[in-house]
$ cat model-v4.txt   # compact mmCIF, C-alpha atoms
# COMPACT_ATOMS: atom_id res chain seq x y z
CA MET A 1 13.84 59.31 115.13
CA ALA A 2 16.66 61.90 115.11
CA TRP A 3 19.96 61.27 113.31
CA GLN A 4 23.26 62.85 114.23
CA GLU A 5 24.14 65.34 111.50
CA HIS A 6 27.55 65.26 109.85
CA PRO A 7 29.51 68.38 110.89
CA TYR A 8 30.30 69.24 107.25
CA ARG A 9 26.75 68.94 105.93
CA ARG A 10 25.83 72.58 106.48
CA LEU A 11 29.20 73.75 105.14
CA ILE A 12 28.73 71.78 101.93
CA ASP A 13 25.20 73.10 101.54
CA ALA A 14 26.40 76.67 102.08
CA GLU A 15 29.21 76.21 99.54
CA THR A 16 26.78 74.76 96.99
CA HIS A 17 24.65 77.89 97.14
CA ALA A 18 27.51 80.36 97.58
CA ARG A 19 28.02 83.21 95.10
CA PRO A 20 24.56 83.20 93.48
CA VAL A 21 24.10 85.02 90.17
CA LEU A 22 22.03 88.19 90.53
CA PRO A 23 19.77 89.36 87.67
CA MET A 24 20.82 92.65 86.04
CA THR A 25 18.94 95.14 83.89
CA PRO A 26 20.95 97.18 81.35
CA PRO A 27 22.19 99.81 80.93
CA ILE A 28 24.34 99.11 83.96
CA ARG A 29 27.96 99.56 85.06
CA ILE A 30 29.57 96.99 87.34
CA ARG A 31 32.85 97.56 89.10
CA ARG A 32 34.94 95.03 90.98
CA LEU A 33 37.99 95.56 93.16
CA GLY A 34 40.15 92.67 94.33
CA PHE A 35 42.16 92.91 97.54
CA MET A 36 44.86 90.61 98.87
CA SER A 37 45.95 90.23 102.45
CA ALA A 38 49.23 91.71 103.57
CA ASP A 39 49.61 89.43 106.61
CA GLY A 40 48.68 85.97 105.38
CA GLY A 41 44.89 86.24 105.65
CA ALA A 42 44.16 87.31 109.23
CA ASP A 43 42.97 90.75 108.16
CA LEU A 44 40.64 89.15 105.60
CA ARG A 45 38.93 87.15 108.34
CA ASP A 46 38.53 90.29 110.44
CA LEU A 47 37.22 92.10 107.38
CA HIS A 48 34.59 89.40 106.90
CA GLU A 49 33.01 90.25 110.23
CA LYS A 50 33.14 93.98 109.58
CA MET A 51 31.60 93.63 106.12
CA ALA A 52 28.85 91.47 107.59
CA LEU A 53 27.92 94.39 109.83
CA VAL A 54 27.89 96.73 106.83
CA ALA A 55 25.70 94.28 104.91
CA GLY A 56 23.41 93.75 107.88
CA ALA A 57 24.08 90.00 107.87
CA VAL A 58 23.79 87.91 111.01
CA PRO A 59 26.60 85.36 111.60
CA GLU A 60 25.32 81.78 111.40
CA GLY A 61 28.25 79.81 112.73
CA PRO A 62 30.32 77.64 110.39
CA SER A 63 27.82 77.95 107.52
CA TRP A 64 28.14 81.72 107.40
CA ALA A 65 27.97 82.74 103.73
CA ARG A 66 31.21 83.83 102.09
CA GLN A 67 29.23 86.11 99.77
CA LEU A 68 27.41 89.13 101.18
CA ASP A 69 24.79 90.85 99.01
CA PHE A 70 23.12 94.11 100.00
CA GLU A 71 21.81 97.36 98.52
CA HIS A 72 22.95 100.88 99.31
CA ASP A 73 21.81 104.12 97.64
CA GLY A 74 20.39 102.20 94.69
CA ARG A 75 23.55 100.15 94.18
CA GLN A 76 23.65 96.37 94.31
CA VAL A 77 26.78 95.49 96.32
CA THR A 78 28.45 92.08 96.53
CA TRP A 79 31.36 91.24 98.80
CA GLU A 80 33.04 87.85 98.35
CA LEU A 81 35.66 86.16 100.52
CA HIS A 82 38.10 83.77 98.80
CA ASN A 83 41.01 81.84 100.28
CA GLU A 84 43.63 84.56 99.85
CA PHE A 85 41.74 87.52 98.47
CA ALA A 86 38.41 89.34 98.74
CA THR A 87 36.41 91.12 96.06
CA MET A 88 34.06 94.07 96.31
CA SER A 89 31.63 94.47 93.41
CA TRP A 90 28.90 97.05 92.97
CA SER A 91 26.59 98.13 90.17
CA GLY A 92 25.12 101.47 89.28
CA PRO A 93 24.06 103.68 86.37
CA VAL A 94 26.21 103.33 83.27
CA ASP A 95 27.14 107.02 83.42
CA GLU A 96 28.33 106.92 87.05
CA TRP A 97 32.01 107.77 87.35
CA ASN A 98 32.38 107.67 91.12
CA ASP A 99 34.73 104.76 91.73
CA ARG A 100 34.75 105.09 95.56
CA PRO A 101 31.13 105.33 96.69
CA GLU A 102 30.64 105.80 100.40
CA GLY A 103 28.71 103.54 102.72
CA ILE A 104 29.49 100.19 101.09
CA GLY A 105 32.60 99.35 103.14
CA LEU A 106 35.39 100.35 100.75
CA GLU A 107 37.13 102.28 103.51
CA LEU A 108 37.58 99.00 105.41
CA HIS A 109 39.93 97.75 102.67
CA ASP A 110 42.54 100.52 102.97
CA LYS A 111 45.10 98.29 104.70
CA LEU A 112 44.87 95.59 102.01
CA LEU A 113 46.75 95.34 98.72
CA LEU A 114 44.77 96.17 95.58
CA ALA A 115 45.34 93.26 93.18
CA PHE A 116 42.97 94.10 90.32
CA ALA A 117 40.17 96.45 89.28
CA THR A 118 37.54 95.62 86.67
CA ARG A 119 34.72 97.55 85.06
CA VAL A 120 31.94 96.02 82.96
CA ASP A 121 29.55 98.29 81.05
CA VAL A 122 26.46 96.44 79.86
CA MET A 123 24.27 98.11 77.26
CA PRO A 124 20.78 97.00 76.07
CA THR A 125 21.87 97.11 72.41
CA GLU A 126 22.59 94.11 70.21
CA THR A 127 25.98 95.43 69.07
CA ILE A 128 28.70 97.47 70.74
CA ALA A 129 28.80 101.11 69.67
CA GLU A 130 31.74 102.26 67.56
CA LYS A 131 32.49 104.98 70.11
CA ALA A 132 32.96 102.38 72.83
CA LEU A 133 35.29 100.33 70.61
CA ASP A 134 37.35 103.40 69.76
CA GLY A 135 38.41 103.61 73.39
CA PHE A 136 40.29 100.29 73.16
CA ASN A 137 43.80 99.64 71.90
CA PRO A 138 43.34 98.05 68.45
CA LEU A 139 46.52 95.99 68.83
CA SER A 140 45.05 93.98 71.71
CA LEU A 141 41.33 94.39 71.09
CA CYS A 142 39.27 91.28 71.80
CA TYR A 143 35.85 91.51 70.16
CA SER A 144 33.54 88.50 69.94
CA GLN A 145 30.09 87.08 70.31
CA ILE A 146 29.68 85.19 73.57
CA PHE A 147 27.21 82.62 74.88
CA GLU A 148 26.51 81.42 71.35
CA GLY A 149 25.54 84.84 70.04
CA GLY A 150 23.53 85.91 73.08
CA ALA A 151 25.73 89.00 73.55
CA GLU A 152 28.83 90.81 72.29
CA ALA A 153 31.87 91.56 74.45
CA ALA A 154 34.95 93.66 73.85
CA THR A 155 38.06 94.49 75.90
CA ASP A 156 41.76 95.17 75.42
CA PHE A 157 42.91 94.16 78.93
CA HIS A 158 44.58 97.57 79.36
CA ARG A 159 43.95 99.71 82.41
CA ASP A 160 42.01 102.88 81.74
CA LYS A 161 42.75 106.28 83.25
CA ASP A 162 41.04 105.19 86.49
CA GLY A 163 43.07 101.98 86.72
CA TYR A 164 40.27 99.62 85.66
CA THR A 165 40.31 96.87 83.07
CA ARG A 166 37.21 97.69 80.99
CA PHE A 167 34.76 95.33 79.32
CA GLU A 168 32.02 96.54 76.98
CA VAL A 169 29.01 94.26 76.61
CA ALA A 170 26.01 94.52 74.29
CA ALA A 171 23.35 92.23 75.78
CA GLY A 172 20.22 93.24 73.89
CA ARG A 173 19.49 89.58 73.03
CA SER A 174 19.76 88.30 76.61
CA GLY A 175 17.45 88.35 79.61
CA GLU A 176 18.22 89.77 83.04
CA LEU A 177 19.41 86.48 84.52
CA ARG A 178 21.64 85.73 81.51
CA ILE A 179 23.09 89.24 81.76
CA GLY A 180 23.94 88.53 85.40
CA VAL A 181 25.72 85.35 84.29
CA ILE A 182 27.63 87.22 81.56
CA ALA A 183 28.76 89.93 83.97
CA ARG A 184 29.89 87.37 86.54
CA ARG A 185 31.82 85.33 83.96
CA LEU A 186 33.69 88.38 82.67
CA LEU A 187 34.47 89.51 86.22
CA GLU A 188 35.69 86.03 87.11
CA ILE A 189 37.88 85.83 84.01
CA GLU A 190 39.66 89.05 84.92
CA THR A 191 39.87 87.97 88.57
CA TYR A 192 41.44 84.59 87.82
CA ARG A 193 43.64 86.03 85.07
CA MET A 194 45.27 88.34 87.59
CA MET A 195 45.48 85.72 90.33
CA ALA A 196 46.95 83.12 87.95
CA LEU A 197 49.62 85.50 86.65
CA ILE A 198 50.47 87.08 89.99
CA GLY A 199 53.07 84.33 90.50
CA LEU A 200 54.92 85.13 87.25
CA PRO A 201 57.16 87.92 88.67
CA LEU A 202 58.13 85.56 91.49
CA ALA A 203 58.93 82.80 88.98
CA ARG A 204 61.13 85.16 86.98
CA GLU A 205 62.91 86.27 90.14
CA MET A 206 63.40 82.64 91.17
CA GLY A 207 64.78 81.77 87.74
CA GLY A 208 68.04 83.61 88.41
CA ARG A 209 68.27 82.18 91.90
CA VAL A 210 67.73 78.63 90.64
CA SER A 211 70.41 79.11 87.97
CA ASN A 212 72.80 80.23 90.71
CA TYR A 213 71.94 77.12 92.73
CA GLU A 214 72.64 74.93 89.70
CA ARG A 215 76.05 76.55 89.18
CA GLN A 216 76.92 76.08 92.86
CA LEU A 217 75.95 72.41 92.69
CA ALA A 218 78.06 71.85 89.56
CA THR A 219 81.08 73.54 91.17
CA ILE A 220 80.77 71.54 94.39
CA MET A 221 80.51 68.20 92.59
CA LEU A 222 83.41 69.08 90.27
CA GLN A 223 85.67 69.93 93.21
CA ALA A 224 84.61 66.76 95.01
CA GLY A 225 85.59 64.73 91.95
CA GLU A 226 88.98 66.42 91.49
CA ASN A 227 90.08 66.23 95.17
CA ASP A 228 89.72 62.59 96.15
CA THR A 229 90.46 62.99 99.86
CA VAL A 230 88.30 62.61 102.95
CA ASP A 231 88.80 66.26 103.93
CA ALA A 232 87.76 67.42 100.46
CA HIS A 233 84.71 65.18 100.60
CA HIS A 234 83.78 66.53 104.04
CA SER A 235 84.10 70.10 102.77
CA ALA A 236 81.94 69.31 99.73
CA LEU A 237 79.35 67.61 101.93
CA GLU A 238 79.09 70.66 104.19
CA ALA A 239 78.67 72.89 101.13
CA LEU A 240 75.92 70.60 99.82
CA HIS A 241 74.12 70.75 103.15
CA ARG A 242 74.22 74.55 103.11
CA LEU A 243 72.95 74.57 99.52
CA SER A 244 70.18 72.14 100.45
CA ILE A 245 69.01 74.47 103.21
CA GLU A 246 68.90 77.44 100.83
CA ILE A 247 66.96 75.46 98.22
CA SER A 248 64.50 74.21 100.83
CA ARG A 249 63.91 77.78 101.97
CA THR A 250 63.24 78.83 98.37
CA VAL A 251 60.83 75.93 97.89
CA GLU A 252 58.94 77.00 101.01
CA GLU A 253 58.76 80.57 99.72
CA THR A 254 57.37 79.59 96.33
CA SER A 255 55.43 76.34 96.72
CA PHE A 256 52.14 77.92 97.76
CA ARG A 257 52.28 80.70 95.18
CA PHE A 258 53.10 78.31 92.33
CA ALA A 259 50.43 75.80 93.37
CA ALA A 260 47.83 78.56 93.74
CA SER A 261 48.71 80.03 90.34
CA GLN A 262 48.27 76.64 88.69
CA ALA A 263 44.89 76.22 90.40
CA TYR A 264 43.78 79.69 89.33
CA GLY A 265 44.98 78.91 85.82
CA ASP A 266 42.79 75.81 85.70
CA VAL A 267 39.77 77.80 86.88
CA LEU A 268 40.56 80.51 84.32
CA ALA A 269 40.66 77.98 81.48
CA GLU A 270 37.33 76.55 82.59
CA ARG A 271 35.70 80.01 82.77
CA LEU A 272 37.03 80.94 79.33
CA SER A 273 35.62 77.79 77.79
CA ARG A 274 32.17 78.69 79.11
CA LEU A 275 32.08 81.91 77.07
CA ARG A 276 31.50 79.88 73.89
CA GLU A 277 32.95 82.68 71.76
CA LYS A 278 32.95 83.45 68.08
CA ALA A 279 35.30 86.16 66.80
CA ILE A 280 33.78 89.19 65.12
CA GLY A 281 35.57 90.26 61.96
CA GLU A 282 39.34 90.08 62.16
CA PHE A 283 39.50 90.54 65.91
CA THR A 284 40.55 87.82 68.32
CA THR A 285 38.50 86.26 71.07
CA ILE A 286 39.02 86.74 74.78
CA GLU A 287 39.86 83.06 75.22
CA ARG A 288 42.47 83.01 72.46
CA PHE A 289 44.06 86.28 73.62
CA ILE A 290 44.39 85.17 77.24
CA ASN A 291 45.54 81.64 76.41
CA ASN A 292 48.28 83.01 74.16
CA ARG A 293 49.63 84.94 77.13
CA ALA A 294 48.56 83.07 80.22
CA GLN A 295 49.60 79.58 79.13
CA PRO A 296 53.29 80.50 78.51
CA ALA A 297 53.32 82.30 81.86
CA LEU A 298 51.85 79.29 83.64
CA ALA A 299 54.34 77.08 81.81
CA THR A 300 57.13 79.28 83.18
CA LEU A 301 55.79 78.78 86.72
CA LYS A 302 55.58 75.04 86.21
CA ALA A 303 59.09 74.88 84.70
CA THR A 304 60.55 76.86 87.61
CA GLU A 305 58.82 74.57 90.07
CA LYS A 306 60.15 71.49 88.24
CA ARG A 307 63.67 72.94 88.25
CA LEU A 308 63.48 73.44 92.00
CA VAL A 309 62.22 69.89 92.54
CA ALA A 310 64.89 68.45 90.23
CA LEU A 311 67.58 70.53 91.91
CA THR A 312 66.47 69.30 95.33
CA GLU A 313 66.73 65.71 94.12
CA LYS A 314 70.19 66.32 92.62
CA VAL A 315 71.47 67.83 95.86
CA GLN A 316 70.10 64.89 97.85
CA ARG A 317 71.73 62.43 95.45
CA GLY A 318 75.01 64.36 95.79
CA ILE A 319 74.77 64.17 99.57
CA VAL A 320 74.12 60.42 99.43
CA LEU A 321 77.02 59.94 97.00
CA LEU A 322 79.47 61.91 99.12
CA ASP A 323 78.31 60.14 102.27
CA ALA A 324 79.01 56.82 100.54
CA ARG A 325 82.45 57.97 99.35
CA ILE A 326 83.37 59.26 102.79
CA THR A 327 82.18 56.01 104.38
CA LEU A 328 84.18 54.00 101.84
CA SER A 329 87.29 56.13 102.45
CA ILE A 330 86.96 55.67 106.20
CA GLN A 331 86.48 51.92 105.77
CA THR A 332 89.57 51.78 103.55
CA GLN A 333 91.58 53.70 106.16
CA ASN A 334 90.26 51.44 108.91
CA ARG A 335 91.23 48.38 106.90
CA SER A 336 94.74 49.76 106.45
CA VAL A 337 94.98 50.42 110.16
CA LEU A 338 93.68 46.94 110.96
CA ASP A 339 96.16 45.41 108.51
CA ALA A 340 98.97 47.32 110.17
CA ILE A 341 97.77 46.22 113.59
CA SER A 342 97.54 42.64 112.37
CA GLN A 343 101.03 42.80 110.92
CA THR A 344 102.33 44.23 114.17
CA GLY A 345 100.57 41.46 116.08
CA ARG A 346 102.13 38.81 113.90
CA SER A 347 105.55 40.38 114.35
CA GLN A 348 105.05 40.53 118.10
CA TYR A 349 103.90 36.91 118.08
CA ARG A 350 107.02 35.80 116.20
CA LEU A 351 109.14 37.86 118.54
CA GLN A 352 107.35 36.30 121.46
CA LEU A 353 108.05 32.81 120.11
CA THR A 354 111.71 33.74 119.66
CA VAL A 355 111.86 35.09 123.20
CA GLU A 356 110.16 31.97 124.50
CA GLY A 357 112.70 29.80 122.67
CA LEU A 358 115.55 31.79 124.15
CA SER A 359 113.84 31.61 127.53
CA ILE A 360 113.65 27.82 127.32
CA ILE A 361 117.35 27.66 126.49
CA ALA A 362 118.25 30.09 129.26
CA ILE A 363 116.11 28.38 131.89
CA SER A 364 117.38 24.98 130.80
CA TYR A 365 120.95 26.26 131.00
CA TYR A 366 120.49 27.52 134.52
CA ALA A 367 118.63 24.35 135.50
CA LEU A 368 121.45 22.19 134.17
CA GLY A 369 123.91 24.38 136.05
CA ILE A 370 122.09 23.66 139.26
CA LEU A 371 121.96 19.95 138.42
CA GLY A 372 125.68 20.11 137.70
CA TYR A 373 126.32 21.03 141.35
CA LEU A 374 124.05 18.19 142.40
CA PHE A 375 125.75 15.68 140.10
CA GLU A 376 129.14 16.86 141.35
CA GLY A 377 128.40 15.29 144.70
CA LEU A 378 126.58 12.24 143.39
CA HIS A 379 129.02 10.98 140.76
CA GLU A 380 131.29 9.54 143.50
CA MET A 381 128.37 7.39 144.74
CA LEU A 382 127.10 6.48 141.34
CA PRO A 383 128.85 4.57 138.57
CA PHE A 384 128.38 7.56 136.24
CA SER A 385 130.45 10.62 135.72
CA LYS A 386 129.10 14.15 136.08
CA GLY A 387 129.27 14.72 132.33
CA GLU A 388 127.32 11.54 131.61
CA MET A 389 124.56 12.48 134.02
CA LEU A 390 124.33 16.01 132.57
CA ALA A 391 124.20 14.62 129.04
CA VAL A 392 121.33 12.35 129.99
CA SER A 393 119.52 15.05 132.00
CA ALA A 394 119.83 17.84 129.41
CA PRO A 395 117.03 16.65 127.02
CA LEU A 396 114.74 15.92 129.94
CA VAL A 397 115.34 19.35 131.47
CA VAL A 398 114.71 21.11 128.15
CA LEU A 399 111.50 19.13 127.67
CA LEU A 400 110.26 19.91 131.15
CA VAL A 401 111.05 23.61 130.75
CA PHE A 402 109.28 23.66 127.37
CA LEU A 403 106.18 21.96 128.80
CA GLY A 404 106.15 24.30 131.78
CA ILE A 405 106.33 27.45 129.70
CA ARG A 406 103.68 26.10 127.34
CA ARG A 407 101.34 25.42 130.27
CA ILE A 408 101.90 28.91 131.64
CA ARG A 409 101.13 30.42 128.21
CA ARG A 410 97.91 28.41 127.92
CA GLN A 411 96.80 29.52 131.35
CA ALA A 412 97.52 33.12 130.38
CA HIS A 413 95.39 32.81 127.23

$ encode --input "model-v4.txt" --output "structure tokens"
Amino acid sequence: MAWQEHPYRRLIDAETHARPVLPMTPPIRIRRLGFMSADGGADLRDLHEKMALVAGAVPEGPSWARQLDFEHDGRQVTWELHNEFATMSWSGPVDEWNDRPEGIGLELHDKLLLAFATRVDVMPTETIAEKALDGFNPLSLCYSQIFEGGAEAATDFHRDKDGYTRFEVAAGRSGELRIGVIARRLLEIETYRMMALIGLPLAREMGGRVSNYERQLATIMLQAGENDTVDAHHSALEALHRLSIEISRTVEETSFRFAASQAYGDVLAERLSRLREKAIGEFTTIERFINNRAQPALATLKATEKRLVALTEKVQRGIVLLDARITLSIQTQNRSVLDAISQTGRSQYRLQLTVEGLSIIAISYYALGILGYLFEGLHEMLPFSKGEMLAVSAPLVVLLVFLGIRRIRRQAH
């Protein structure tokens, strides 16, 4: 019986076994270069295919490994593809100073941006030589036992004359596989340190911009409060909409970088905890040194992100408030207009009643005048005088005229 395989099964299996740790035999020097894409990642995907050709790997569809391992001229080379950067690592003799060996694909990275460079020198001794320590800056020297005393590591996180951050490791008490783990952990720590802090300059730049946005918002709301007119409210609402667009653009520019930095910071903290360090002498540990500097930087990123989110919410609340005030002002104006119209209608109605009253009198007057001519000829045949007949007819004529006009008005309504 054959089951239909889930489309992600092979991808998950490939990810589980991605980036294997390679055994290493000291003395050995490992270098790693990290490159970031200049166009959003398209050139990294193209580079993956080219590096696969260099490594002699055969593409295997969606489960194609994101780590390529191969040997060239006695060097063990590892190329790794991450979401937004790629790393090229290679190992060689500890006295090799060539930092651009040919034939391993470094020339394919010329169009990318160099983000970091790391060098790890692993010696078969149990302690780091004094000469190696003398090359570090004593003010920032990190010197500790790692992996519960299995090795010693030292660095100052300064770039050397070749532009590399250097680590010295004495791994005489560790086996080849453990040395591979140590080298990978130190390389990862430097990798994620740089990627976590790469958003700090952007956060500092955004800090001034966010402060400017906050001042603009305060000015707009102050003016809206002082000028309580519909035109002033409309002007403030338009300014808030423009400010909202600018803030949204800034959020789009920074959201990915800030989120990625926080994620890299979490990975960095996890990698540091795995070192299981113990300080040697009066020197600090790698974990303590980095946390003292990385955590405030990551806090700055988080604070800037929170300020942007809070500012966005304030602008939206301001827009809702001004919309409500404008709506209320318009409703108040409409009510005033309706009251005026109602007053005018009542005045017209009273005028109409007055006109109708006058009309009844006028029509009755003319009707009685006509009857007067009629009674002029009839009073000689009747035992009543003309005046008596008009006096009797006048109320009836007025009533009939009133009822006639009232019927006409009802029909009109």

$ closest_residue --input "model-v4.txt" --among "A:Pro101, A:Pro93, A:Pro296, A:Gly149" --to "Ile182 (chain A)" --atoms "only C-alpha atoms"
A:Gly149

$ closest_residue --input "model-v4.txt" --among "A:Arg45, A:Gly318, A:Gln67, A:Arg249" --to "Thr16 (chain A)" --atoms "only C-alpha atoms"
A:Gln67

$ atom_distance --input "model-v4.txt" --atom1 "CA of Leu243 (chain A)" --atom2 "CA of Lys302 (chain A)"
21.9 Å

$ residues_around --input "model-v4.txt" --residues "Leu81 (chain A)" --least-positions-apart "3" --cutoff "12 Å" --atoms "all atoms listed in the file" --output "number ranges by chain"
A: 15, 18-19, 34-37, 41, 43-49, 51-52, 64-69, 78, 84-89

$ closest_residue --input "model-v4.txt" --among "A:Pro7, A:Pro138, A:Pro124, A:Gly199" --to "Arg173 (chain A)" --atoms "only C-alpha atoms"
A:Pro124

$ residues_near_point --input "model-v4.txt" --point "(23.6, 100.8, 93.9)" --cutoff "10 Å" --atoms "only C-alpha atoms" --output "list in words"
Arg29, Ile30, Phe70, Glu71, His72, Asp73, Gly74, Arg75, Gln76, Val77, Trp90, Ser91, Gly92, Pro93, Pro101 and Ile104 of chain A

$ atom_distance --input "model-v4.txt" --atom1 "CA of Ala57 (chain A)" --atom2 "CA of Glu102 (chain A)"
18.7 Å

$ closest_residue --input "model-v4.txt" --among "A:Cys142, A:Ala170, A:Ala38, A:Leu308" --to "Arg209 (chain A)" --atoms "all atoms listed in the file"
A:Leu308

$ atom_distance --input "model-v4.txt" --atom1 "CA of Arg271 (chain A)" --atom2 "CA of Glu96 (chain A)"
28.2 Å

$ closest_residue --input "model-v4.txt" --among "A:Ser211, A:Arg276, A:Thr304, A:Ser244" --to "Gly150 (chain A)" --atoms "all atoms listed in the file"
A:Arg276

$ closest_atom_pairs --input "model-v4.txt" --of "region 145-260 of chain A" --to "region 110-123 of chain A" --cutoff "8 Å" --atoms "only C-alpha atoms" --output "tab-separated table"
residue	atom	partner	partner_atom	distance
A:Gly163	CA	A:Ala117	CA	6.7
A:Tyr164	CA	A:Ala117	CA	4.8
A:Thr165	CA	A:Thr118	CA	4.7
A:Arg166	CA	A:Arg119	CA	4.8
A:Phe167	CA	A:Val120	CA	4.7
A:Glu168	CA	A:Asp121	CA	5.1
A:Val169	CA	A:Val122	CA	4.7
A:Ala170	CA	A:Met123	CA	5.0
A:Ala171	CA	A:Met123	CA	6.1
A:Gly172	CA	A:Met123	CA	7.2
A:Ala183	CA	A:Val120	CA	6.9
A:Leu186	CA	A:Val120	CA	7.8
A:Leu187	CA	A:Thr118	CA	6.9
A:Glu190	CA	A:Thr118	CA	7.1
A:Thr191	CA	A:Phe116	CA	7.1
A:Met194	CA	A:Phe116	CA	6.8

$ write_last_selection --input "model-v4.txt" --atoms "C-alpha atoms" --output "compact mmCIF listing (two decimals), in the frame of the given file"
# COMPACT_ATOMS: atom_id res chain seq x y z
CA GLY A 163 43.07 101.98 86.72
CA TYR A 164 40.27 99.62 85.66
CA THR A 165 40.31 96.87 83.07
CA ARG A 166 37.21 97.69 80.99
CA PHE A 167 34.76 95.33 79.32
CA GLU A 168 32.02 96.54 76.98
CA VAL A 169 29.01 94.26 76.61
CA ALA A 170 26.01 94.52 74.29
CA ALA A 171 23.35 92.23 75.78
CA GLY A 172 20.22 93.24 73.89
CA ALA A 183 28.76 89.93 83.97
CA LEU A 186 33.69 88.38 82.67
CA LEU A 187 34.47 89.51 86.22
CA GLU A 190 39.66 89.05 84.92
CA THR A 191 39.87 87.97 88.57
CA MET A 194 45.27 88.34 87.59

$ residues_around --input "model-v4.txt" --residues "Glu305 (chain A)" --least-positions-apart "6" --cutoff "12 Å" --atoms "only C-alpha atoms" --output "NGL selection string"
:A and (199-200 or 202-204 or 206-207 or 210 or 247 or 250-259 or 261-262 or 298-299 or 311-312)

$ closest_residue --input "model-v4.txt" --among "A:Lys314, A:His6, A:Arg31, A:Arg406" --to "Ser359 (chain A)" --atoms "all atoms listed in the file"
A:Arg406
